[in-house]
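The file my_file_31.cif contains mmCIF, C-alpha atoms:
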```cif
data_my_file
#
loop_
_atom_site.label_atom_id
_atom_site.label_comp_id
_atom_site.auth_asym_id
_atom_site.auth_seq_id
_atom_site.Cartn_x
_atom_site.Cartn_y
_atom_site.Cartn_z
CA MET S 1 10.33 98.36 -13.08
CA PRO S 2 13.69 96.66 -13.69
CA ARG S 3 14.18 93.04 -12.83
CA PRO S 4 16.27 92.28 -9.72
CA THR S 5 19.95 92.38 -10.49
CA ARG S 6 22.47 89.64 -9.89
CA ARG S 7 23.71 91.82 -7.01
CA HIS S 8 20.26 91.73 -5.35
CA LEU S 9 20.11 87.96 -5.53
CA THR S 10 23.71 87.54 -4.44
CA VAL S 11 23.24 89.77 -1.41
CA ALA S 12 20.02 88.03 -0.41
CA THR S 13 21.56 84.58 -0.79
CA ALA S 14 24.62 85.66 1.15
CA LEU S 15 22.43 86.91 3.99
CA VAL S 16 20.67 83.59 4.29
CA ALA S 17 23.89 81.61 3.89
CA ALA S 18 25.42 83.63 6.72
CA THR S 19 22.36 82.99 8.86
CA THR S 20 22.55 79.28 8.13
CA ALA S 21 26.23 79.17 9.02
CA ALA S 22 25.67 81.05 12.26
CA VAL S 23 22.76 78.90 13.33
CA ALA S 24 24.43 75.63 12.34
CA VAL S 25 26.94 75.97 15.16
CA THR S 26 24.14 76.15 17.74
CA SER S 27 22.42 73.16 19.27
CA ALA S 28 18.89 74.51 18.58
CA ALA S 29 17.34 72.29 15.93
CA GLY S 30 14.38 74.65 15.56
CA ALA S 31 16.61 77.59 14.75
CA PHE S 32 18.47 75.50 12.17
CA ASP S 33 15.16 74.56 10.55
CA ASN S 34 14.19 78.23 10.36
CA ALA S 35 17.43 79.05 8.58
CA GLN S 36 16.86 76.23 6.10
CA GLN S 37 13.36 77.57 5.42
CA ALA S 38 14.82 81.01 4.84
CA LYS S 39 17.36 79.62 2.41
CA ALA S 40 14.59 77.85 0.50
CA ALA S 41 12.49 81.01 0.47
CA ILE S 42 14.87 83.02 -1.70
CA LYS S 43 12.65 83.09 -4.77
CA ASP S 44 12.81 85.34 -7.78
CA GLY S 45 10.14 85.39 -10.43
CA LYS S 46 6.51 86.36 -10.76
CA ALA S 47 3.78 85.85 -8.18
CA LYS S 48 0.29 84.91 -9.29
CA ASN S 49 -1.25 86.36 -6.14
CA VAL S 50 -0.26 88.85 -3.44
CA ILE S 51 -1.79 88.99 0.04
CA LEU S 52 -0.70 92.06 1.99
CA LEU S 53 -1.55 92.06 5.70
CA ILE S 54 -1.37 95.34 7.62
CA GLY S 55 -1.52 95.43 11.41
CA ASP S 56 -2.38 99.10 11.95
CA GLY S 57 -0.16 100.50 14.71
CA MET S 58 1.39 97.06 15.19
CA GLY S 59 4.95 97.85 16.22
CA ASP S 60 7.29 95.40 17.91
CA SER S 61 5.86 96.33 21.32
CA GLU S 62 2.34 95.47 20.22
CA ILE S 63 3.49 92.14 18.76
CA THR S 64 5.47 91.29 21.89
CA LEU S 65 2.56 92.18 24.17
CA ALA S 66 0.18 89.91 22.26
CA ARG S 67 2.76 87.12 22.16
CA ASP S 68 3.54 87.30 25.87
CA TYR S 69 -0.14 87.34 26.82
CA THR S 70 -1.49 84.67 24.46
CA VAL S 71 1.25 82.15 23.68
CA GLY S 72 3.94 83.00 26.22
CA ALA S 73 7.32 84.67 26.18
CA ASN S 74 8.88 81.65 24.46
CA GLY S 75 5.89 81.04 22.18
CA ARG S 76 5.46 82.15 18.61
CA LEU S 77 2.56 83.82 16.83
CA ASN S 78 1.70 82.97 13.24
CA MET S 79 3.27 86.23 12.14
CA ASP S 80 6.53 85.15 13.81
CA LYS S 81 6.84 82.12 11.53
CA PHE S 82 7.61 83.78 8.20
CA PRO S 83 10.93 82.61 6.75
CA LEU S 84 12.17 86.11 5.87
CA THR S 85 11.96 89.11 8.19
CA GLY S 86 13.28 92.66 7.98
CA ALA S 87 12.28 96.14 9.08
CA TYR S 88 11.21 99.29 7.31
CA THR S 89 11.19 102.99 8.09
CA THR S 90 7.83 104.77 8.17
CA TYR S 91 8.40 108.54 8.13
CA ALA S 92 6.10 110.90 6.20
CA VAL S 93 7.21 114.14 4.54
CA HIS S 94 6.30 117.81 4.68
CA ALA S 95 5.01 119.59 1.57
CA ASP S 96 8.59 120.50 0.63
CA GLY S 97 9.72 116.88 0.86
CA THR S 98 11.63 117.16 4.14
CA PRO S 99 11.07 114.34 6.68
CA ASP S 100 8.14 114.32 9.08
CA TYR S 101 9.40 111.68 11.47
CA VAL S 102 6.05 110.42 12.82
CA THR S 103 3.55 109.32 10.18
CA ASP S 104 -0.18 108.83 10.27
CA SER S 105 -1.97 105.98 8.50
CA ALA S 106 -2.83 108.06 5.42
CA ALA S 107 0.74 109.05 4.59
CA SER S 108 2.16 105.65 5.50
CA GLY S 109 -0.45 103.79 3.46
CA THR S 110 0.20 106.09 0.52
CA GLY S 111 3.87 105.10 0.78
CA TRP S 112 3.33 101.40 0.05
CA ALA S 113 0.25 101.94 -2.15
CA THR S 114 1.98 104.35 -4.57
CA GLY S 115 5.70 104.32 -3.84
CA VAL S 116 5.49 108.06 -3.07
CA LYS S 117 5.78 109.62 0.38
CA THR S 118 3.27 112.30 1.20
CA VAL S 119 2.09 114.62 3.97
CA ASN S 120 0.14 113.33 6.93
CA GLY S 121 -3.57 113.12 6.24
CA ARG S 122 -3.32 112.81 2.45
CA ILE S 123 -4.59 109.81 0.49
CA SER S 124 -2.51 108.65 -2.53
CA LYS S 125 -1.69 112.17 -3.72
CA THR S 126 1.61 114.03 -3.95
CA PRO S 127 2.83 116.09 -0.97
CA GLY S 128 3.41 119.42 -2.69
CA THR S 129 1.19 119.53 -5.76
CA ASP S 130 -1.72 117.38 -4.47
CA LYS S 131 -1.82 115.28 -7.64
CA ALA S 132 -3.22 111.74 -7.73
CA VAL S 133 -0.63 108.95 -7.99
CA PRO S 134 -1.52 105.47 -9.39
CA THR S 135 -1.96 102.83 -6.69
CA LEU S 136 -1.07 99.15 -6.59
CA LEU S 137 -4.75 98.26 -6.79
CA GLU S 138 -5.28 100.45 -9.84
CA LEU S 139 -2.22 98.98 -11.55
CA ALA S 140 -3.35 95.45 -10.68
CA GLN S 141 -6.83 96.07 -12.10
CA LYS S 142 -5.29 97.43 -15.30
CA LYS S 143 -3.29 94.21 -15.66
CA GLY S 144 -6.36 92.01 -15.16
CA TYR S 145 -5.93 90.95 -11.55
CA ALA S 146 -8.90 90.54 -9.23
CA THR S 147 -8.66 92.94 -6.29
CA GLY S 148 -9.93 93.09 -2.74
CA SER S 149 -9.70 94.97 0.54
CA VAL S 150 -10.73 93.66 3.95
CA THR S 151 -10.54 95.70 7.14
CA THR S 152 -11.90 95.98 10.67
CA ALA S 153 -12.05 99.77 10.26
CA GLU S 154 -14.47 101.71 8.13
CA LEU S 155 -13.81 100.91 4.47
CA THR S 156 -13.26 104.63 4.01
CA ASP S 157 -10.59 104.83 6.73
CA ALA S 158 -7.04 105.67 5.70
CA THR S 159 -5.50 102.23 5.16
CA PRO S 160 -8.15 100.81 2.81
CA ALA S 161 -8.68 104.26 1.26
CA VAL S 162 -5.13 104.52 -0.09
CA LEU S 163 -5.75 101.67 -2.54
CA ALA S 164 -8.97 102.78 -4.19
CA SER S 165 -9.16 106.56 -3.83
CA HIS S 166 -7.27 109.84 -3.99
CA ALA S 167 -8.14 112.57 -1.49
CA THR S 168 -6.52 115.74 -0.23
CA ASP S 169 -7.54 114.78 3.30
CA ARG S 170 -8.41 111.45 4.89
CA SER S 171 -11.51 112.95 6.55
CA CYS S 172 -13.33 113.16 3.20
CA GLN S 173 -14.89 109.72 3.64
CA GLY S 174 -18.46 110.24 2.41
CA PRO S 175 -20.31 112.82 0.27
CA ALA S 176 -21.23 114.78 3.41
CA ASP S 177 -17.61 114.83 4.65
CA MET S 178 -15.94 116.90 1.93
CA ALA S 179 -15.14 120.13 3.83
CA LYS S 180 -11.37 119.62 3.61
CA CYS S 181 -11.40 118.46 -0.02
CA PRO S 182 -13.12 121.21 -2.05
CA THR S 183 -11.30 120.37 -5.27
CA ASP S 184 -12.07 116.65 -4.93
CA THR S 185 -15.85 117.11 -5.01
CA ILE S 186 -17.78 115.94 -8.04
CA ALA S 187 -19.21 119.46 -8.37
CA ALA S 188 -15.65 120.78 -8.79
CA GLY S 189 -14.81 118.11 -11.36
CA GLY S 190 -13.06 115.87 -8.81
CA PRO S 191 -13.48 112.15 -8.15
CA GLY S 192 -15.79 112.51 -5.14
CA SER S 193 -15.53 111.13 -1.63
CA ILE S 194 -13.54 108.07 -0.64
CA ALA S 195 -16.73 105.97 -0.46
CA GLU S 196 -17.82 107.05 -3.95
CA GLN S 197 -14.41 106.40 -5.44
CA SER S 198 -14.14 102.96 -3.80
CA VAL S 199 -17.29 101.65 -5.48
CA LYS S 200 -16.57 103.44 -8.78
CA HIS S 201 -13.27 101.56 -8.88
CA LYS S 202 -15.22 98.29 -9.02
CA VAL S 203 -12.96 96.66 -6.45
CA ASP S 204 -14.12 93.02 -6.54
CA VAL S 205 -14.33 92.54 -2.77
CA LEU S 206 -14.74 95.27 -0.15
CA ILE S 207 -15.41 94.03 3.39
CA GLY S 208 -15.28 96.14 6.54
CA GLY S 209 -17.19 98.73 8.53
CA GLY S 210 -18.34 102.22 7.60
CA LYS S 211 -21.98 101.72 6.61
CA GLN S 212 -22.66 105.27 7.82
CA ARG S 213 -20.47 106.69 5.02
CA PHE S 214 -22.15 104.63 2.31
CA ASP S 215 -25.60 105.63 3.59
CA GLN S 216 -24.81 109.29 2.79
CA LYS S 217 -26.42 110.72 -0.34
CA VAL S 218 -24.42 111.62 -3.43
CA THR S 219 -24.67 115.38 -3.99
CA ASP S 220 -23.72 115.76 -7.66
CA GLY S 221 -23.20 113.84 -10.84
CA LYS S 222 -24.83 110.76 -12.33
CA TYR S 223 -25.87 109.28 -8.99
CA LYS S 224 -27.09 112.50 -7.36
CA GLY S 225 -29.78 111.86 -4.77
CA LEU S 226 -28.87 108.18 -4.29
CA THR S 227 -26.93 106.90 -1.33
CA VAL S 228 -23.48 105.51 -2.08
CA THR S 229 -24.88 102.08 -1.19
CA GLU S 230 -27.56 102.51 -3.86
CA GLN S 231 -24.87 103.66 -6.26
CA ALA S 232 -22.92 100.49 -5.49
CA LYS S 233 -25.97 98.33 -6.25
CA LYS S 234 -26.44 100.08 -9.60
CA LEU S 235 -22.79 99.30 -10.33
CA GLY S 236 -23.49 95.60 -9.75
CA TYR S 237 -22.40 95.17 -6.14
CA GLN S 238 -23.95 92.62 -3.85
CA VAL S 239 -24.34 94.49 -0.54
CA VAL S 240 -24.29 92.44 2.68
CA THR S 241 -24.16 93.35 6.35
CA ASP S 242 -23.39 90.19 8.32
CA LYS S 243 -21.90 86.69 8.33
CA ALA S 244 -24.97 85.06 6.78
CA GLY S 245 -25.11 87.61 3.99
CA LEU S 246 -21.44 87.16 3.26
CA LYS S 247 -21.85 83.41 3.13
CA GLY S 248 -24.66 83.72 0.59
CA VAL S 249 -23.03 86.00 -2.00
CA LYS S 250 -22.69 84.73 -5.56
CA ASN S 251 -19.37 84.29 -7.25
CA GLY S 252 -18.47 86.61 -10.10
CA LYS S 253 -20.22 89.78 -8.92
CA PRO S 254 -18.50 92.43 -6.78
CA VAL S 255 -19.22 92.35 -3.04
CA LEU S 256 -19.61 95.26 -0.64
CA GLY S 257 -19.70 94.01 2.94
CA LEU S 258 -20.73 96.72 5.42
CA LEU S 259 -20.41 94.93 8.74
CA ALA S 260 -20.88 97.90 11.09
CA SER S 261 -22.03 101.51 11.05
CA GLY S 262 -18.54 102.64 12.06
CA ASN S 263 -15.53 100.50 12.92
CA VAL S 264 -16.17 96.78 13.42
CA PRO S 265 -16.49 96.21 17.21
CA VAL S 266 -13.43 94.69 18.85
CA GLU S 267 -13.29 91.06 19.99
CA TRP S 268 -11.91 91.44 23.55
CA THR S 269 -12.70 93.75 26.43
CA GLY S 270 -11.13 94.73 29.76
CA LYS S 271 -10.22 97.69 31.90
CA ALA S 272 -8.38 100.50 30.16
CA ALA S 273 -5.03 101.61 31.53
CA ALA S 274 -5.24 104.21 34.28
CA VAL S 275 -3.09 106.74 36.10
CA GLY S 276 -1.34 104.75 38.83
CA GLY S 277 -2.14 101.46 37.11
CA THR S 278 -4.91 98.89 37.49
CA ASP S 279 -5.34 95.83 39.65
CA PRO S 280 -4.02 92.72 37.89
CA GLN S 281 -6.63 91.67 35.32
CA ARG S 282 -7.42 88.93 32.89
CA CYS S 283 -8.85 90.04 29.57
CA VAL S 284 -12.42 89.07 28.66
CA THR S 285 -12.33 87.28 25.32
CA SER S 286 -15.75 88.55 24.27
CA ASN S 287 -17.53 91.85 23.72
CA PRO S 288 -21.26 92.35 24.45
CA ASN S 289 -21.27 95.18 21.90
CA ARG S 290 -20.07 92.92 19.08
CA PRO S 291 -23.06 91.28 17.31
CA ALA S 292 -22.84 87.51 17.06
CA ALA S 293 -23.43 87.80 13.30
CA THR S 294 -20.17 89.71 12.83
CA PRO S 295 -17.56 87.60 10.99
CA SER S 296 -14.03 87.52 12.32
CA LEU S 297 -11.23 89.09 10.30
CA ALA S 298 -10.01 85.56 9.50
CA ASP S 299 -13.49 84.60 8.25
CA SER S 300 -13.69 87.70 6.06
CA ALA S 301 -10.19 87.05 4.71
CA THR S 302 -11.08 83.44 3.88
CA LYS S 303 -14.22 84.53 2.03
CA ALA S 304 -12.38 87.26 0.15
CA ILE S 305 -9.74 84.82 -1.09
CA ARG S 306 -12.42 82.39 -2.29
CA LEU S 307 -14.34 85.12 -4.11
CA LEU S 308 -11.23 86.48 -5.81
CA GLU S 309 -10.16 83.00 -6.87
CA ALA S 310 -13.64 82.23 -8.20
CA LYS S 311 -13.76 85.40 -10.28
CA GLN S 312 -10.50 84.60 -12.00
CA ARG S 313 -11.60 81.01 -12.66
CA GLN S 314 -14.81 82.23 -14.27
CA LYS S 315 -12.82 84.59 -16.48
CA HIS S 316 -10.32 81.81 -17.27
CA SER S 317 -7.72 84.43 -16.41
CA LYS S 318 -4.04 83.62 -16.14
CA GLN S 319 -3.72 86.40 -13.57
CA GLY S 320 -4.47 85.92 -9.90
CA PHE S 321 -5.42 88.50 -7.31
CA PHE S 322 -4.20 91.29 -5.08
CA LEU S 323 -5.74 91.42 -1.59
CA GLN S 324 -5.06 93.74 1.33
CA ILE S 325 -6.18 92.68 4.82
CA GLU S 326 -6.05 95.17 7.69
CA GLY S 327 -6.30 94.61 11.42
CA ALA S 328 -7.24 98.23 12.11
CA SER S 329 -8.15 98.38 15.78
CA ILE S 330 -4.77 97.40 17.15
CA ASP S 331 -4.08 101.07 16.50
CA LYS S 332 -7.46 102.31 17.74
CA GLN S 333 -7.18 100.47 21.05
CA ASP S 334 -3.59 101.65 21.45
CA HIS S 335 -4.87 105.23 21.06
CA ALA S 336 -7.42 104.46 23.79
CA ALA S 337 -4.80 102.85 26.09
CA ASP S 338 -6.93 99.69 26.18
CA PRO S 339 -4.53 96.74 26.43
CA CYS S 340 -7.16 94.00 26.30
CA GLY S 341 -8.86 95.46 23.23
CA GLN S 342 -5.45 95.87 21.63
CA ILE S 343 -4.25 92.33 22.38
CA GLY S 344 -7.53 90.82 21.19
CA GLU S 345 -7.29 92.65 17.88
CA THR S 346 -3.66 91.58 17.43
CA ALA S 347 -4.69 87.98 18.08
CA ALA S 348 -7.54 88.33 15.57
CA PHE S 349 -5.13 89.74 13.00
CA ASP S 350 -2.73 86.88 13.67
CA ARG S 351 -5.47 84.38 12.81
CA ALA S 352 -5.89 86.17 9.47
CA VAL S 353 -2.14 85.78 8.96
CA LYS S 354 -2.62 82.05 9.53
CA VAL S 355 -5.31 81.99 6.80
CA ALA S 356 -2.99 83.72 4.33
CA ARG S 357 -0.04 81.45 5.08
CA ALA S 358 -2.19 78.33 4.81
CA TYR S 359 -3.36 79.48 1.39
CA ALA S 360 0.22 80.18 0.30
CA ALA S 361 1.29 76.71 1.49
CA LYS S 362 -1.05 75.27 -1.15
CA HIS S 363 -0.31 78.01 -3.69
CA PRO S 364 3.44 78.72 -3.49
CA ASP S 365 3.14 81.27 -6.30
CA THR S 366 1.53 83.58 -3.73
CA LEU S 367 3.56 86.36 -2.11
CA VAL S 368 2.40 86.98 1.46
CA VAL S 369 3.66 90.07 3.28
CA THR S 370 2.80 91.11 6.83
CA THR S 371 3.79 94.45 8.28
CA ALA S 372 2.47 97.58 10.01
CA ASP S 373 1.87 101.11 8.84
CA HIS S 374 3.56 102.66 11.88
CA ALA S 375 4.51 101.90 15.47
CA HIS S 376 2.51 102.93 18.52
CA THR S 377 2.61 103.72 22.21
CA SER S 378 2.35 100.56 24.32
CA GLN S 379 5.49 99.51 26.19
CA ILE S 380 6.08 96.52 28.45
CA VAL S 381 7.74 97.82 31.64
CA PRO S 382 8.92 96.29 34.93
CA LEU S 383 6.20 95.54 37.46
CA GLU S 384 7.86 97.88 39.94
CA ALA S 385 7.86 100.80 37.48
CA THR S 386 5.63 103.80 38.24
CA PRO S 387 5.00 105.39 34.82
CA PRO S 388 3.86 109.01 34.75
CA GLY S 389 1.06 108.21 32.32
CA LEU S 390 -1.42 105.35 32.04
CA SER S 391 -0.61 101.75 32.87
CA SER S 392 -2.28 98.41 33.46
CA THR S 393 -1.18 95.11 34.93
CA LEU S 394 -2.29 91.97 33.12
CA VAL S 395 -2.22 88.31 34.16
CA THR S 396 -1.03 86.42 31.10
CA ASP S 397 -2.02 82.96 29.90
CA GLU S 398 1.22 81.78 31.52
CA GLY S 399 -0.12 82.95 34.89
CA GLN S 400 2.44 85.72 35.17
CA GLN S 401 1.92 89.44 35.71
CA LEU S 402 2.87 91.91 32.97
CA LYS S 403 2.70 95.70 33.14
CA VAL S 404 1.97 97.75 30.02
CA ASN S 405 2.49 101.51 29.89
CA TYR S 406 0.95 104.21 27.67
CA SER S 407 2.77 107.54 28.03
CA THR S 408 2.99 109.20 24.62
CA ASN S 409 0.43 111.80 25.61
CA THR S 410 -1.08 113.20 28.79
CA PRO S 411 -3.81 111.13 30.46
CA GLY S 412 -7.20 111.87 28.96
CA GLN S 413 -5.72 112.54 25.51
CA SER S 414 -5.45 110.07 22.64
CA GLN S 415 -2.14 108.21 22.82
CA GLU S 416 0.20 108.85 19.90
CA HIS S 417 1.96 107.00 17.12
CA THR S 418 5.73 106.72 17.35
CA GLY S 419 8.33 107.15 14.61
CA THR S 420 10.27 103.93 15.06
CA GLN S 421 10.82 101.40 12.29
CA VAL S 422 8.49 98.38 12.18
CA ARG S 423 8.68 94.75 11.22
CA ILE S 424 8.04 93.45 7.70
CA ALA S 425 8.04 89.71 6.98
CA ALA S 426 7.27 87.72 3.86
CA GLN S 427 7.21 84.43 1.97
CA GLY S 428 6.88 83.59 -1.70
CA PRO S 429 8.19 85.14 -4.91
CA GLN S 430 10.21 88.35 -4.32
CA ALA S 431 9.99 87.90 -0.53
CA TYR S 432 13.76 88.34 -0.21
CA ARG S 433 13.27 92.05 -0.89
CA VAL S 434 12.07 92.60 2.71
CA LEU S 435 15.43 91.63 4.19
CA GLY S 436 17.52 94.24 5.98
CA VAL S 437 16.24 97.74 6.71
CA THR S 438 14.22 99.17 3.83
CA ASN S 439 11.89 102.11 3.29
CA GLN S 440 8.11 101.83 3.41
CA THR S 441 7.96 102.91 -0.23
CA ASP S 442 10.09 99.88 -1.16
CA LEU S 443 7.08 97.66 -0.44
CA PHE S 444 5.36 99.22 -3.46
CA ALA S 445 8.28 98.16 -5.64
CA THR S 446 8.30 94.64 -4.16
CA ILE S 447 4.62 94.05 -4.94
CA ARG S 448 4.81 95.74 -8.32
CA GLU S 449 7.71 93.52 -9.31
CA ALA S 450 6.06 90.39 -7.92
CA LEU S 451 2.94 90.98 -10.05
CA ARG S 452 4.89 92.50 -12.98
CA LEU S 453 2.81 95.66 -12.90
CA ARG S 454 3.70 98.53 -15.19
#
```
Represent the structure of the file as structure tokens.
Amino acid sequence: MPRPTRRHLTVATALVAATTAAVAVTSAAGAFDNAQQAKAAIKDGKAKNVILLIGDGMGDSEITLARDYTVGANGRLNMDKFPLTGAYTTYAVHADGTPDYVTDSAASGTGWATGVKTVNGRISKTPGTDKAVPTLLELAQKKGYATGSVTTAELTDATPAVLASHATDRSCQGPADMAKCPTDTIAAGGPGSIAEQSVKHKVDVLIGGGKQRFDQKVTDGKYKGLTVTEQAKKLGYQVVTDKAGLKGVKNGKPVLGLLASGNVPVEWTGKAAAVGGTDPQRCVTSNPNRPAATPSLADSATKAIRLLEAKQRQKHSKQGFFLQIEGASIDKQDHAADPCGQIGETAAFDRAVKVARAYAAKHPDTLVVTTADHAHTSQIVPLEATPPGLSSTLVTDEGQQLKVNYSTNTPGQSQEHTGTQVRIAAQGPQAYRVLGVTNQTDLFATIREALRLR
């Protein structure tokens, strides 16, 4: 990977200088401060650590909805406070390499994990020849970095899977789920299911849902007859299932946190959108189906950072860590046209962003990036609008009514992703690379350069 050229740095500096000049003529002191922060954030050089935060399905509409509801139209979320912000395109490709304009999470995650675009449904493999491509996590491990993945989805779901596995189809999550991946099975000489590969990779910290996948029995190979969880224990993993277990893990040994059978239950509840709309509602900031022992995404992120730091200290390593944190159910609640579930998960993700930025404030050699894998369906529309699909009226924390519409599929069907570009924001070494409009695959190059991976 070549070092950034003088042209890169000149362009980036010019962008910030122009922003500073434009803002300086305004009377808004806050805006001027933001421009000064941006100017100070133009950093070249190596990062010791990288924290990548993915809001699944978190397009600009989803961010705006959460902002309007929780902190107000003129408020700012933690993710709004990064000094450098750009946008990136998210399209997938067909097998022949031509654009597929609306991506799924497997193809989009493969884009930033490997720098290669692929077909929808595929996990870190090429679009035409179905060959495995090295991932950021694999490259980081090879260079001696500690690695981790935290999610509110199943650990075998697409976004965490792209880092620590290679699969022809994203559905091949456990040993019993291999119907669409015949050549990936251990019996066929392949690497096995996503769950098996994740623990074989010896990722230092894995925290999320998906216990049901790890409870499946291995069908071939060295660990035949054992569950994947038992395989993980034989590989040295500490397996925990709740907040207390996570608190009690020992430093230096890999951790597998299986916090739910499937996806981790959402934090907020409310009425789903409906044909013709709903009565104005306030969201309920609790969920009776979420066990009290379930850690928040921010709690899991905090623990993961501490464990990764501790491992490197014990090794006396000069390298730091690479950690991916996913707020997965922004997407899942968008699919379900559930605005309260969606907003609650965006707010939970934003608290994890706060954790990452607070860490970077004390460790400025940390690159923090927040972005989404793709955009989604929710749209804020006028109160008088009568959308043809599903809609709901919310009463925000400002005491105002807000109508949100879900119309990317017919009522009763799962709402769809959209193909629009999404936000990417960053701070720390190499953060300037997110400026402007880039491609999702460029994020791979940004992180690879920041950690000097080869």
**Q.** Distance of atom CA of Thr386 of chain S from atom CA of Ala372 of chain S, expressed in Å to one decimal place
**A.**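 Separation of atom CA of Ala372 of chain S and atom CA of Thr386 of chain S: 29.1 Å.
With distances restricted to only C-alpha atoms, S:Ser286 is the closest residue to Cys340 of chain S from S:Thr377, S:Ser300, S:Ser193, S:Ser286.
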Q. Which residue out of S:Lys142, S:His363, S:Arg76, S:His335 has the minimum interatomic distance to Thr64 of chain S when only C-alpha atoms are used?
A.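 Using only C-alpha atoms, the shortest distance to Thr64 of chain S belongs to S:Arg76.
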(Q) Applying 7 Å and all atoms listed in the file, which residues near Gln197 of chain S remain after dropping the ones on its own chain fewer than 5 positions away? List them as a list of chain:residue names. (A) S:Ala164, S:Ser165, S:Pro191, S:Gly192
Q: Identify all residues satisfying the PyMOL selection byres ((chain S and resi 232-240) around 12) in the given file; provide them as a VMD selection string.
A: chain S and resid 195 to 209 211 214 to 215 217 to 218 222 to 223 226 to 231 241 to 260 293 to 295
Q: Pull out every residue that the PyMOL selection byres ((chain S and resi 57) around 6) matches in the shown coordinates and put them as a PyMOL selection string.
A: chain S and resi 56+58-59+331+374-376
(Q) Using Å and a single decimal, report how far atom CA of Asn289 of chain S sits from atom CA of Ala304 of chain S. (A)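 So the answer is 24.8 Å.
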Residue list as a JSON list (two decimals) with C-alpha atoms, in the frame of the given file for point (11.8, 97.5, 9.0), cut-off 9 Å, all atoms listed in the file:
```
[["chain", "number", "residue", "atom", "x", "y", "z"],
["S", 85, "THR", "CA", 11.96, 89.11, 8.19],
["S", 86, "GLY", "CA", 13.28, 92.66, 7.98],
["S", 87, "ALA", "CA", 12.28, 96.14, 9.08],
["S", 88, "TYR", "CA", 11.21, 99.29, 7.31],
["S", 89, "THR", "CA", 11.19, 102.99, 8.09],
["S", 90, "THR", "CA", 7.83, 104.77, 8.17],
["S", 371, "THR", "CA", 3.79, 94.45, 8.28],
["S", 420, "THR", "CA", 10.27, 103.93, 15.06],
["S", 421, "GLN", "CA", 10.82, 101.40, 12.29],
["S", 422, "VAL", "CA", 8.49, 98.38, 12.18],
["S", 423, "ARG", "CA", 8.68, 94.75, 11.22],
["S", 424, "ILE", "CA", 8.04, 93.45, 7.70],
["S", 425, "ALA", "CA", 8.04, 89.71, 6.98],
["S", 434, "VAL", "CA", 12.07, 92.60, 2.71],
["S", 435, "LEU", "CA", 15.43, 91.63, 4.19],
["S", 436, "GLY", "CA", 17.52, 94.24, 5.98],
["S", 437, "VAL", "CA", 16.24, 97.74, 6.71],
["S", 438, "THR", "CA", 14.22, 99.17, 3.83],
["S", 439, "ASN", "CA", 11.89, 102.11, 3.29],
["S", 440, "GLN", "CA", 8.11, 101.83, 3.41]]
```
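With distances restricted to all atoms listed in the file, S:Ile330 is the closest residue to Ser378 of chain S from S:Leu297, S:Ile330, S:Ala187, S:Val50.
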Q: Write out as an MDAnalysis selection string the residues lying within 9 Å of Ser414 of chain S, counting all atoms listed in the file and excluding same-chain residues fewer than 4 positions away.
A: chainID S and resid 334:337 408:410
Starting from the shown file, work through the PyMOL selection byres ((chain S and resi 347) around 12) and note down what comes out as a tab-separated table (two decimals) with C-alpha atoms, keeping the file's coordinate frame.
```tsv
chain	number	residue	atom	x	y	z
S	55	GLY	CA	-1.52	95.43	11.41
S	58	MET	CA	1.39	97.06	15.19
S	62	GLU	CA	2.34	95.47	20.22
S	63	ILE	CA	3.49	92.14	18.76
S	64	THR	CA	5.47	91.29	21.89
S	65	LEU	CA	2.56	92.18	24.17
S	66	ALA	CA	0.18	89.91	22.26
S	67	ARG	CA	2.76	87.12	22.16
S	68	ASP	CA	3.54	87.30	25.87
S	69	TYR	CA	-0.14	87.34	26.82
S	70	THR	CA	-1.49	84.67	24.46
S	71	VAL	CA	1.25	82.15	23.68
S	76	ARG	CA	5.46	82.15	18.61
S	77	LEU	CA	2.56	83.82	16.83
S	78	ASN	CA	1.70	82.97	13.24
S	79	MET	CA	3.27	86.23	12.14
S	266	VAL	CA	-13.43	94.69	18.85
S	267	GLU	CA	-13.29	91.06	19.99
S	268	TRP	CA	-11.91	91.44	23.55
S	285	THR	CA	-12.33	87.28	25.32
S	296	SER	CA	-14.03	87.52	12.32
S	297	LEU	CA	-11.23	89.09	10.30
S	298	ALA	CA	-10.01	85.56	9.50
S	327	GLY	CA	-6.30	94.61	11.42
S	329	SER	CA	-8.15	98.38	15.78
S	330	ILE	CA	-4.77	97.40	17.15
S	340	CYS	CA	-7.16	94.00	26.30
S	341	GLY	CA	-8.86	95.46	23.23
S	342	GLN	CA	-5.45	95.87	21.63
S	343	ILE	CA	-4.25	92.33	22.38
S	344	GLY	CA	-7.53	90.82	21.19
S	345	GLU	CA	-7.29	92.65	17.88
S	346	THR	CA	-3.66	91.58	17.43
S	348	ALA	CA	-7.54	88.33	15.57
S	349	PHE	CA	-5.13	89.74	13.00
S	350	ASP	CA	-2.73	86.88	13.67
S	351	ARG	CA	-5.47	84.38	12.81
S	352	ALA	CA	-5.89	86.17	9.47
S	353	VAL	CA	-2.14	85.78	8.96
S	354	LYS	CA	-2.62	82.05	9.53
```
Q) What does the distance from atom CA of Leu139 of chain S to atom CA of Asp299 of chain S come to in Å, to one decimal? A)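 These two atoms are separated by 26.9 Å.
Of the residues listed (S:Pro127, S:Gly320, S:Gly45, S:Gly109), S:Gly45 shows the shortest atom-to-atom separation from Gly428 of chain S; distances use only C-alpha atoms.
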Q: Tell me, as a PyMOL selection string, which residues lie within 8 Å of Lys43 of chain S, counting only C-alpha atoms; anything in the same chain fewer than 3 positions away does not count.
A: chain S and resi 40+428-432
